[in-house]
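Okay, so here's the structure we're looking at.
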Amino acid sequence: MKTNAAVVYETNKPIEIEELDLDGPREGEVLIRYTHAGLCHSDVHIAHGDLEARLPMVLGHEGAGIIEEVGPGVTRVKAGDSVVCSFIPNCGVCHYCATGRQSICDMGATILEGYLPGPRFPITGPRGEYGAMCMLGTFSQYGVIHQNSAVKVDDDLPLDKAVLVGCGVPTGWGAAVNTANVRAGDTVAIYGVGGIGVNAVQGARYAGAKNVVVIDPLENKREKAMELGATHAFATAEEAQTAITDMTRGRMADSAILTVGLMTSEVVSSGFNAIGKGGTVVVTGLNKIEEETIQLSGSVLTLFRKQVKGSLFGDCNPTTDIPKILGLYQAGDIKLDELITKTYTLEQVNEGYEDLLNGKNVRGVMVHEH
Ligand SMILES: NC(=O)c1ccc[n+]([C@@H]2O[C@H](COP(=O)([O-])OP(=O)(O)OC[C@H]3O[C@@H](n4cnc5c(N)ncnc54)[C@H](O)[C@@H]3O)[C@@H](O)[C@H]2O)c1
Ligand SMILES: [Zn+2]
Ligand SMILES: [Zn+2]
């Protein structure tokens with residue numbers, strides 16, 4: 001079948017819309033009709049070459065849709081199911097899945113190559129075999145994905161909102177709840193309020209933090225954070241540092257969660273300085289693989305028993321945490337509707353990313369037409 005998709009051929013060029021060929025689902029695979037896709041900063045990293053990916057690549061890794069057809073041996077979903085995609089697949093049996101760490105499942109090894117186990121490229125076109133971002137490629141009307149990337153959700157959930165639970169919500173929420181292990185009464189500092197950071201705010205608040213301090217140079221972001229549970233908002237790390245010193249009587253924050261668009265050593269240092277003894281820095285934002293974004297005093301780390309932790313997918317287990325977070329949404333404990341600033345068509349993908357880079361969106365969502 002044919003599908004229209006947003007493709008990166010070459011870095012630092014506009015994303016192109018192209019009609020591509022999509023093979024049917026084989027063993028363990030499913031055909032999904034994507035209804036919605038979220039515009040996450042990680043796709044920009046691919047387009048800018050900050051995250052080196054195999055090209056050409058169909059972008060998009062935050063997605064939701066309806067299963068149209070299943071291949072042989074598929075047991076997790078059936079035709080007609082509503083699905084939220086997980087940007088890391090989970091096989092259930094590798095060392096990491098088996099020890100409750102699905103976000104580092106061995107099957108995720110090819111998310112930046114974009115092919116399915118085989119290697120197998122269900123998408124082909126004028127430039128040969130196309131990878132799909134995170135083995136999903138949600139900026140396409142249809143996709144053939146592995147069943148291990150598909151999480152069935154309640155049929156009555158609005159997918160235009162649930163789509164955010166494919167990346168941004170669990171990544172941010174889990175960075176606070178799982179990686180930082182925020183406890184009642186904590187002081188938490190969150191650097192960067194995009195689709196990820198705003199959900200770190202929601203996670204920290206839900207876990208019972210007393211002070212949820214956000215830092216973002218943009219006023220619209222700080223306002224949204226305050227609306228969704230932040231208690232203090234600052235434009236600069238310096239202002240936050242002073243305020244955290246005052247509000248904790250010098251004990252400093254229990255955790256700092258770093259969710260800026262492009263991670264730098266300055267941001268990591270700011271977070272490291274904002275936490276006190278026994279505190280944790282959570283690094284969620286990304287930069288080039290070879291960029292040394294962590295330059296800190298190891299002795300301070302040791303003497304203050306500080307920790308610096310990487311967080312992937314908020315250290316969530318997609319099969320259980322995606323339904324859990326959607327349950328919190330249904331109960332009103334997590335907001336999703338309020339996170340969506342603007343919607344776009346597939347053809348408007350470049351406009352959507354301009355808006356993201358200009359800081360206009362908390363989250364933009366692509367609405368697919370079929
Ligand atoms: N670890 C993971 O599992 C994972 C998953 C998804 C995304 N990410 C990464 O997380 C990061 C955030 O993604 P997003 O979609 O929320 O991005 P975004 O562009 O929507 O938001 C980033 C925010 O950071 C702010 N910012 C930039 N520089 C800052 C600074 N020095 N101090 C404070 N704020 C600053 C911007 O104003 C913006 O509001 C990206 O690097 C993305 O690739 C990681
Ligand atoms: Zn993402
Ligand atoms: Zn696994």
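Chain labels run A, B, ... following the order of the structure tokens; each chain numbers its residues from 1, and ligands are numbered from 1 in the order shown.
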Would you name the residues within 7 Å of ligand 3, counting only C-alpha atoms and all ligand atoms, and put them as a PDB file with all heavy atoms, in the first residue's frame?
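Contents of selection_34.pdb, freshly written:
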ATOM      1  N   ASN A  90       9.512  -3.393  23.659  1.00  0.00           N
ATOM      2  CA  ASN A  90       9.913  -4.266  24.766  1.00  0.00           C
ATOM      3  C   ASN A  90       9.611  -5.705  24.410  1.00  0.00           C
ATOM      4  O   ASN A  90       8.497  -6.056  24.090  1.00  0.00           O
ATOM      5  CB  ASN A  90       9.242  -3.840  26.068  1.00  0.00           C
ATOM      6  CG  ASN A  90       7.757  -4.043  26.023  1.00  0.00           C
ATOM      7  OD1 ASN A  90       7.263  -5.129  26.333  1.00  0.00           O
ATOM      8  ND2 ASN A  90       7.036  -3.016  25.594  1.00  0.00           N
ATOM      9  N   CYS A  91      10.655  -6.532  24.476  1.00  0.00           N
ATOM     10  CA  CYS A  91      10.524  -7.926  24.046  1.00  0.00           C
ATOM     11  C   CYS A  91       9.986  -8.791  25.168  1.00  0.00           C
ATOM     12  O   CYS A  91       9.442  -9.854  24.933  1.00  0.00           O
ATOM     13  CB  CYS A  91      11.882  -8.448  23.569  1.00  0.00           C
ATOM     14  SG  CYS A  91      13.059  -8.701  24.911  1.00  0.00           S
ATOM     15  N   GLY A  92      10.155  -8.339  26.402  1.00  0.00           N
ATOM     16  CA  GLY A  92       9.654  -9.083  27.554  1.00  0.00           C
ATOM     17  C   GLY A  92      10.611 -10.133  28.107  1.00  0.00           C
ATOM     18  O   GLY A  92      10.437 -10.590  29.230  1.00  0.00           O
ATOM     19  N   VAL A  93      11.598 -10.527  27.338  1.00  0.00           N
ATOM     20  CA  VAL A  93      12.440 -11.651  27.774  1.00  0.00           C
ATOM     21  C   VAL A  93      13.940 -11.362  27.839  1.00  0.00           C
ATOM     22  O   VAL A  93      14.697 -12.181  28.351  1.00  0.00           O
ATOM     23  CB  VAL A  93      12.229 -12.906  26.884  1.00  0.00           C
ATOM     24  CG1 VAL A  93      10.825 -13.446  27.068  1.00  0.00           C
ATOM     25  CG2 VAL A  93      12.499 -12.588  25.418  1.00  0.00           C
ATOM     26  N   CYS A  94      14.385 -10.228  27.327  1.00  0.00           N
ATOM     27  CA  CYS A  94      15.823  -9.946  27.415  1.00  0.00           C
ATOM     28  C   CYS A  94      16.183  -9.669  28.886  1.00  0.00           C
ATOM     29  O   CYS A  94      15.306  -9.521  29.734  1.00  0.00           O
ATOM     30  CB  CYS A  94      16.210  -8.764  26.507  1.00  0.00           C
ATOM     31  SG  CYS A  94      15.720  -7.138  27.136  1.00  0.00           S
ATOM     32  N   HIS A  95      17.466  -9.588  29.150  1.00  0.00           N
ATOM     33  CA  HIS A  95      17.919  -9.375  30.531  1.00  0.00           C
ATOM     34  C   HIS A  95      17.237  -8.158  31.164  1.00  0.00           C
ATOM     35  O   HIS A  95      16.838  -8.182  32.333  1.00  0.00           O
ATOM     36  CB  HIS A  95      19.445  -9.180  30.525  1.00  0.00           C
ATOM     37  CG  HIS A  95      20.008  -8.773  31.844  1.00  0.00           C
ATOM     38  ND1 HIS A  95      20.087  -9.648  32.911  1.00  0.00           N
ATOM     39  CD2 HIS A  95      20.483  -7.586  32.286  1.00  0.00           C
ATOM     40  CE1 HIS A  95      20.606  -9.015  33.952  1.00  0.00           C
ATOM     41  NE2 HIS A  95      20.855  -7.767  33.601  1.00  0.00           N
ATOM     42  N   TYR A  96      17.099  -7.087  30.385  1.00  0.00           N
ATOM     43  CA  TYR A  96      16.596  -5.824  30.936  1.00  0.00           C
ATOM     44  C   TYR A  96      15.080  -5.847  31.123  1.00  0.00           C
ATOM     45  O   TYR A  96      14.572  -5.388  32.151  1.00  0.00           O
ATOM     46  CB  TYR A  96      17.064  -4.659  30.053  1.00  0.00           C
ATOM     47  CG  TYR A  96      18.572  -4.657  29.966  1.00  0.00           C
ATOM     48  CD1 TYR A  96      19.233  -5.254  28.893  1.00  0.00           C
ATOM     49  CD2 TYR A  96      19.328  -4.175  31.023  1.00  0.00           C
ATOM     50  CE1 TYR A  96      20.618  -5.323  28.850  1.00  0.00           C
ATOM     51  CE2 TYR A  96      20.721  -4.241  30.989  1.00  0.00           C
ATOM     52  CZ  TYR A  96      21.359  -4.816  29.901  1.00  0.00           C
ATOM     53  OH  TYR A  96      22.717  -4.896  29.887  1.00  0.00           O
ATOM     54  N   CYS A  97      14.361  -6.397  30.148  1.00  0.00           N
ATOM     55  CA  CYS A  97      12.911  -6.544  30.332  1.00  0.00           C
ATOM     56  C   CYS A  97      12.620  -7.452  31.525  1.00  0.00           C
ATOM     57  O   CYS A  97      11.760  -7.164  32.349  1.00  0.00           O
ATOM     58  CB  CYS A  97      12.268  -7.143  29.074  1.00  0.00           C
ATOM     59  SG  CYS A  97      12.087  -5.981  27.714  1.00  0.00           S
ATOM     60  N   GLN A 102      12.224  -2.179  31.072  1.00  0.00           N
ATOM     61  CA  GLN A 102      11.846  -2.271  29.657  1.00  0.00           C
ATOM     62  C   GLN A 102      12.409  -1.132  28.809  1.00  0.00           C
ATOM     63  O   GLN A 102      12.568  -1.288  27.613  1.00  0.00           O
ATOM     64  CB  GLN A 102      10.320  -2.287  29.510  1.00  0.00           C
ATOM     65  CG  GLN A 102       9.672  -3.580  29.974  1.00  0.00           C
ATOM     66  CD  GLN A 102       8.163  -3.577  29.741  1.00  0.00           C
ATOM     67  OE1 GLN A 102       7.581  -2.555  29.390  1.00  0.00           O
ATOM     68  NE2 GLN A 102       7.541  -4.717  29.947  1.00  0.00           N
ATOM     69  N   CYS A 105      15.353  -2.192  26.896  1.00  0.00           N
ATOM     70  CA  CYS A 105      15.208  -3.482  26.199  1.00  0.00           C
ATOM     71  C   CYS A 105      16.236  -3.578  25.066  1.00  0.00           C
ATOM     72  O   CYS A 105      16.463  -2.617  24.329  1.00  0.00           O
ATOM     73  CB  CYS A 105      13.796  -3.603  25.619  1.00  0.00           C
ATOM     74  SG  CYS A 105      13.586  -5.032  24.531  1.00  0.00           S
ATOM     75  N   ASP A 106      16.820  -4.756  24.923  1.00  0.00           N
ATOM     76  CA  ASP A 106      17.808  -4.973  23.857  1.00  0.00           C
ATOM     77  C   ASP A 106      17.240  -4.707  22.459  1.00  0.00           C
ATOM     78  O   ASP A 106      17.987  -4.371  21.547  1.00  0.00           O
ATOM     79  CB  ASP A 106      18.337  -6.421  23.918  1.00  0.00           C
ATOM     80  CG  ASP A 106      19.361  -6.605  25.036  1.00  0.00           C
ATOM     81  OD1 ASP A 106      19.938  -5.592  25.485  1.00  0.00           O
ATOM     82  OD2 ASP A 106      19.570  -7.762  25.448  1.00  0.00           O
ATOM     83  N   MET A 107      15.936  -4.843  22.325  1.00  0.00           N
ATOM     84  CA  MET A 107      15.337  -4.611  21.003  1.00  0.00           C
ATOM     85  C   MET A 107      15.444  -3.151  20.581  1.00  0.00           C
ATOM     86  O   MET A 107      15.286  -2.820  19.409  1.00  0.00           O
ATOM     87  CB  MET A 107      13.856  -5.002  21.052  1.00  0.00           C
ATOM     88  CG  MET A 107      13.469  -6.056  20.044  1.00  0.00           C
ATOM     89  SD  MET A 107      11.686  -6.282  20.073  1.00  0.00           S
ATOM     90  CE  MET A 107      11.297  -5.739  18.423  1.00  0.00           C
TER      91      MET A 107
END
Quick one: residues within 8 Å of Val165 of chain A, only C-alpha atoms counted, chain neighbours fewer than 2 positions away excluded, as a ChimeraX atom specification? /A:62,84,162-163,167-170,322,325-326
Pull the alpha helix (DSSP H) assignments for segment 4-113 of chain A out of DSSP run on the backbone, and list those residues as a short mmCIF file (atom, residue, chain, number, x, y, z; two decimals) with N, CA, C and O atoms, in the first residue's frame.
data_model
loop_
_atom_site.label_atom_id
_atom_site.label_comp_id
_atom_site.auth_asym_id
_atom_site.auth_seq_id
_atom_site.Cartn_x
_atom_site.Cartn_y
_atom_site.Cartn_z
N HIS A 41 11.12 17.00 20.55
CA HIS A 41 12.40 17.60 20.16
C HIS A 41 13.39 16.56 19.59
O HIS A 41 14.26 16.89 18.80
N SER A 42 13.25 15.31 19.98
CA SER A 42 14.20 14.29 19.53
C SER A 42 14.20 14.14 18.01
O SER A 42 15.24 13.84 17.41
N ASP A 43 13.06 14.35 17.36
CA ASP A 43 13.02 14.29 15.89
C ASP A 43 13.85 15.42 15.28
O ASP A 43 14.45 15.24 14.22
N VAL A 44 13.88 16.57 15.96
CA VAL A 44 14.73 17.68 15.49
C VAL A 44 16.20 17.28 15.57
O VAL A 44 16.99 17.62 14.69
N HIS A 45 16.55 16.55 16.62
CA HIS A 45 17.94 16.10 16.75
C HIS A 45 18.35 15.26 15.54
O HIS A 45 19.48 15.34 15.08
N ILE A 46 17.44 14.45 15.04
CA ILE A 46 17.73 13.64 13.83
C ILE A 46 17.88 14.57 12.63
O ILE A 46 18.86 14.49 11.88
N ALA A 47 16.93 15.49 12.47
CA ALA A 47 16.95 16.39 11.31
C ALA A 47 18.19 17.28 11.34
O ALA A 47 18.73 17.63 10.28
N HIS A 48 18.66 17.64 12.52
CA HIS A 48 19.84 18.51 12.64
C HIS A 48 21.15 17.73 12.69
O HIS A 48 22.23 18.32 12.74
N HIS A 95 17.47 -9.59 29.15
CA HIS A 95 17.92 -9.37 30.53
C HIS A 95 17.24 -8.16 31.16
O HIS A 95 16.84 -8.18 32.33
N TYR A 96 17.10 -7.09 30.38
CA TYR A 96 16.60 -5.82 30.94
C TYR A 96 15.08 -5.85 31.12
O TYR A 96 14.57 -5.39 32.15
N CYS A 97 14.36 -6.40 30.15
CA CYS A 97 12.91 -6.54 30.33
C CYS A 97 12.62 -7.45 31.52
O CYS A 97 11.76 -7.16 32.35
N ALA A 98 13.38 -8.54 31.59
CA ALA A 98 13.13 -9.54 32.63
C ALA A 98 13.44 -9.01 34.02
O ALA A 98 12.99 -9.58 35.02
#
Would you pick out the contacts of Asp186 of chain A at 7 Å or less, using only C-alpha atoms, so that residues sharing its chain but fewer than 6 positions from it are not included, and give the list as a ChimeraX atom specification? /A:209-211,254
Check the smallest atom-to-atom distance from each of A:Gly229, A:Pro126, A:Gly208, A:Gly261 to ligand 2 using only C-alpha atoms and all ligand atoms, then report the winner.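 Closest to ligand 2, using only C-alpha atoms and all ligand atoms: A:Gly261.
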Please identify all protein, DNA and RNA residues within 7 Å of ligand 1, counting only C-alpha atoms and all ligand atoms, and report them as number ranges by chain. A: 40-42, 45, 167-168, 171, 191-197, 215-218, 221, 236-237, 259-263, 267, 284-287, 311-314, 356-357, 359, 361-363
Measuring atom to atom with only C-alpha atoms, identify which of A:Ile257, A:Ala204, A:Arg33, A:Gly38 is nearest to Gly185 of chain A.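 Looking only at the distances to Gly185 of chain A, the closest residue turns out to be A:Ala204.
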Check the smallest atom-to-atom distance from each of A:Leu328, A:Ile17, A:Cys85, A:Val214 to ligand 2 using only C-alpha atoms and all ligand atoms, then report the winner.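 The answer is A:Cys85, which sits nearest to ligand 2.
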Figure out the distance between atom CA of His146 of chain A and atom CA of Gly166 of chain A, please, to one decimal in Å.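 Distance reported for this atom pair: 14.9 Å.
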For Leu51 of chain A, which residue out of A:Asp23, A:Asp355, A:Asp321, A:Glu291 is the nearest one, using only C-alpha atoms?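 With only C-alpha atoms as the atom set, the closest residue is A:Glu291.
Once Lys277 of chain A and its same-chain neighbours fewer than 5 positions away are set aside, Arg251, Met252, Ala253, Asp254, Leu301, Leu303, Phe304, Arg305 and Lys306 of chain A remain within 9 Å of it when counting only C-alpha atoms.
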Keeping only N, CA, C and O atoms, take the residues you just selected and write them out as a PDB file, in the first residue's frame.
ATOM      1  N   ARG A 251      19.768  23.915  52.425  1.00  0.00           N
ATOM      2  CA  ARG A 251      19.905  22.455  52.259  1.00  0.00           C
ATOM      3  C   ARG A 251      19.891  22.070  50.774  1.00  0.00           C
ATOM      4  O   ARG A 251      20.351  21.006  50.403  1.00  0.00           O
ATOM      5  N   MET A 252      19.322  22.911  49.963  1.00  0.00           N
ATOM      6  CA  MET A 252      19.253  22.775  48.506  1.00  0.00           C
ATOM      7  C   MET A 252      18.270  21.677  48.062  1.00  0.00           C
ATOM      8  O   MET A 252      17.666  21.007  48.885  1.00  0.00           O
ATOM      9  N   ALA A 253      18.124  21.551  46.725  1.00  0.00           N
ATOM     10  CA  ALA A 253      17.078  20.675  46.178  1.00  0.00           C
ATOM     11  C   ALA A 253      17.431  19.203  46.366  1.00  0.00           C
ATOM     12  O   ALA A 253      18.599  18.828  46.437  1.00  0.00           O
ATOM     13  N   ASP A 254      16.388  18.385  46.437  1.00  0.00           N
ATOM     14  CA  ASP A 254      16.592  16.932  46.510  1.00  0.00           C
ATOM     15  C   ASP A 254      16.904  16.365  45.138  1.00  0.00           C
ATOM     16  O   ASP A 254      17.607  15.362  45.029  1.00  0.00           O
ATOM     17  N   LEU A 301      30.932  15.329  44.138  1.00  0.00           N
ATOM     18  CA  LEU A 301      29.997  14.214  43.957  1.00  0.00           C
ATOM     19  C   LEU A 301      30.150  13.209  45.103  1.00  0.00           C
ATOM     20  O   LEU A 301      29.174  12.787  45.724  1.00  0.00           O
ATOM     21  N   LEU A 303      31.900  13.568  48.130  1.00  0.00           N
ATOM     22  CA  LEU A 303      31.802  14.081  49.498  1.00  0.00           C
ATOM     23  C   LEU A 303      30.374  14.462  49.864  1.00  0.00           C
ATOM     24  O   LEU A 303      29.991  14.398  51.023  1.00  0.00           O
ATOM     25  N   PHE A 304      29.578  14.856  48.856  1.00  0.00           N
ATOM     26  CA  PHE A 304      28.178  15.212  49.102  1.00  0.00           C
ATOM     27  C   PHE A 304      27.230  14.058  48.740  1.00  0.00           C
ATOM     28  O   PHE A 304      26.021  14.204  48.780  1.00  0.00           O
ATOM     29  N   ARG A 305      27.830  12.934  48.355  1.00  0.00           N
ATOM     30  CA  ARG A 305      27.039  11.769  47.926  1.00  0.00           C
ATOM     31  C   ARG A 305      25.972  12.145  46.902  1.00  0.00           C
ATOM     32  O   ARG A 305      24.827  11.725  46.972  1.00  0.00           O
ATOM     33  N   LYS A 306      26.367  13.004  45.961  1.00  0.00           N
ATOM     34  CA  LYS A 306      25.433  13.367  44.887  1.00  0.00           C
ATOM     35  C   LYS A 306      25.411  12.251  43.847  1.00  0.00           C
ATOM     36  O   LYS A 306      26.366  11.490  43.728  1.00  0.00           O
TER      37      LYS A 306
END
Calculated over only C-alpha atoms, which of the candidates A:Ile88, A:Leu159, A:Leu336, A:Ile32 has the smallest distance to Arg101 of chain A? A:Ile88
Shortest contact to ligand 2, candidates A:Gly137, A:Gly278, A:Pro323, A:Gly203, atoms counted only C-alpha atoms and all ligand atoms, goes to A:Gly137
So which residues of segment 109-328 of chain A fall under strand (DSSP E or B) by DSSP, listed as a PyMOL selection string? chain A and resi 116+120+123-125+128-132+140+142-146+150-152+187-191+211-215+232-234+253-258+275-283+307-310
If you count only C-alpha atoms, which residues fall within 7 Å of Leu346 of chain A, apart from same-chain ones fewer than 2 positions away, as a PDB file with all heavy atoms, in the first residue's frame?
ATOM      1  N   PHE A 139       5.193   9.979  11.740  1.00  0.00           N
ATOM      2  CA  PHE A 139       4.819  11.042  10.798  1.00  0.00           C
ATOM      3  C   PHE A 139       4.537  10.403   9.448  1.00  0.00           C
ATOM      4  O   PHE A 139       5.073  10.790   8.411  1.00  0.00           O
ATOM      5  CB  PHE A 139       5.932  12.090  10.673  1.00  0.00           C
ATOM      6  CG  PHE A 139       6.267  12.823  11.932  1.00  0.00           C
ATOM      7  CD1 PHE A 139       7.408  13.633  11.995  1.00  0.00           C
ATOM      8  CD2 PHE A 139       5.475  12.728  13.064  1.00  0.00           C
ATOM      9  CE1 PHE A 139       7.743  14.311  13.163  1.00  0.00           C
ATOM     10  CE2 PHE A 139       5.801  13.393  14.242  1.00  0.00           C
ATOM     11  CZ  PHE A 139       6.940  14.191  14.291  1.00  0.00           C
ATOM     12  N   TYR A 344      -1.264  20.259  13.739  1.00  0.00           N
ATOM     13  CA  TYR A 344      -0.706  20.425  12.384  1.00  0.00           C
ATOM     14  C   TYR A 344      -1.139  19.259  11.509  1.00  0.00           C
ATOM     15  O   TYR A 344      -1.420  18.167  12.016  1.00  0.00           O
ATOM     16  CB  TYR A 344       0.832  20.446  12.444  1.00  0.00           C
ATOM     17  CG  TYR A 344       1.393  21.512  13.352  1.00  0.00           C
ATOM     18  CD1 TYR A 344       1.602  21.255  14.708  1.00  0.00           C
ATOM     19  CD2 TYR A 344       1.694  22.778  12.868  1.00  0.00           C
ATOM     20  CE1 TYR A 344       2.102  22.241  15.554  1.00  0.00           C
ATOM     21  CE2 TYR A 344       2.199  23.772  13.708  1.00  0.00           C
ATOM     22  CZ  TYR A 344       2.400  23.491  15.050  1.00  0.00           C
ATOM     23  OH  TYR A 344       2.895  24.457  15.885  1.00  0.00           O
ATOM     24  N   GLN A 348       2.335  20.178   7.245  1.00  0.00           N
ATOM     25  CA  GLN A 348       2.802  21.324   8.045  1.00  0.00           C
ATOM     26  C   GLN A 348       3.926  20.956   9.017  1.00  0.00           C
ATOM     27  O   GLN A 348       4.217  21.715   9.938  1.00  0.00           O
ATOM     28  CB  GLN A 348       1.631  21.918   8.832  1.00  0.00           C
ATOM     29  CG  GLN A 348       0.593  22.598   7.958  1.00  0.00           C
ATOM     30  CD  GLN A 348      -0.643  22.980   8.746  1.00  0.00           C
ATOM     31  OE1 GLN A 348      -1.120  22.231   9.596  1.00  0.00           O
ATOM     32  NE2 GLN A 348      -1.199  24.149   8.463  1.00  0.00           N
ATOM     33  N   VAL A 349       4.583  19.813   8.781  1.00  0.00           N
ATOM     34  CA  VAL A 349       5.572  19.330   9.760  1.00  0.00           C
ATOM     35  C   VAL A 349       6.709  20.331   9.970  1.00  0.00           C
ATOM     36  O   VAL A 349       7.149  20.552  11.113  1.00  0.00           O
ATOM     37  CB  VAL A 349       6.103  17.923   9.373  1.00  0.00           C
ATOM     38  CG1 VAL A 349       6.861  17.935   8.051  1.00  0.00           C
ATOM     39  CG2 VAL A 349       6.981  17.353  10.482  1.00  0.00           C
ATOM     40  N   MET A 366       0.420  16.378  15.475  1.00  0.00           N
ATOM     41  CA  MET A 366       0.048  16.177  14.083  1.00  0.00           C
ATOM     42  C   MET A 366      -1.229  15.338  14.028  1.00  0.00           C
ATOM     43  O   MET A 366      -1.303  14.299  14.690  1.00  0.00           O
ATOM     44  CB  MET A 366       1.198  15.449  13.367  1.00  0.00           C
ATOM     45  CG  MET A 366       0.998  15.261  11.891  1.00  0.00           C
ATOM     46  SD  MET A 366       2.391  14.314  11.207  1.00  0.00           S
ATOM     47  CE  MET A 366       3.708  15.523  11.268  1.00  0.00           C
ATOM     48  N   HIS A 368      -3.389  13.175  11.548  1.00  0.00           N
ATOM     49  CA  HIS A 368      -3.267  12.551  10.224  1.00  0.00           C
ATOM     50  C   HIS A 368      -4.599  12.555   9.477  1.00  0.00           C
ATOM     51  O   HIS A 368      -5.663  12.385  10.073  1.00  0.00           O
ATOM     52  CB  HIS A 368      -2.775  11.108  10.369  1.00  0.00           C
ATOM     53  CG  HIS A 368      -1.291  11.024  10.591  1.00  0.00           C
ATOM     54  ND1 HIS A 368      -0.382  11.441   9.651  1.00  0.00           N
ATOM     55  CD2 HIS A 368      -0.565  10.577  11.644  1.00  0.00           C
ATOM     56  CE1 HIS A 368       0.846  11.248  10.112  1.00  0.00           C
ATOM     57  NE2 HIS A 368       0.766  10.740  11.324  1.00  0.00           N
TER      58      HIS A 368
END
Calculate how many Å separate atom CA of Val198 of chain A from atom CA of Gln147 of chain A, rounding to one decimal.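 If I compute the distance from atom CA of Val198 of chain A to atom CA of Gln147 of chain A, I get 29.3 Å.
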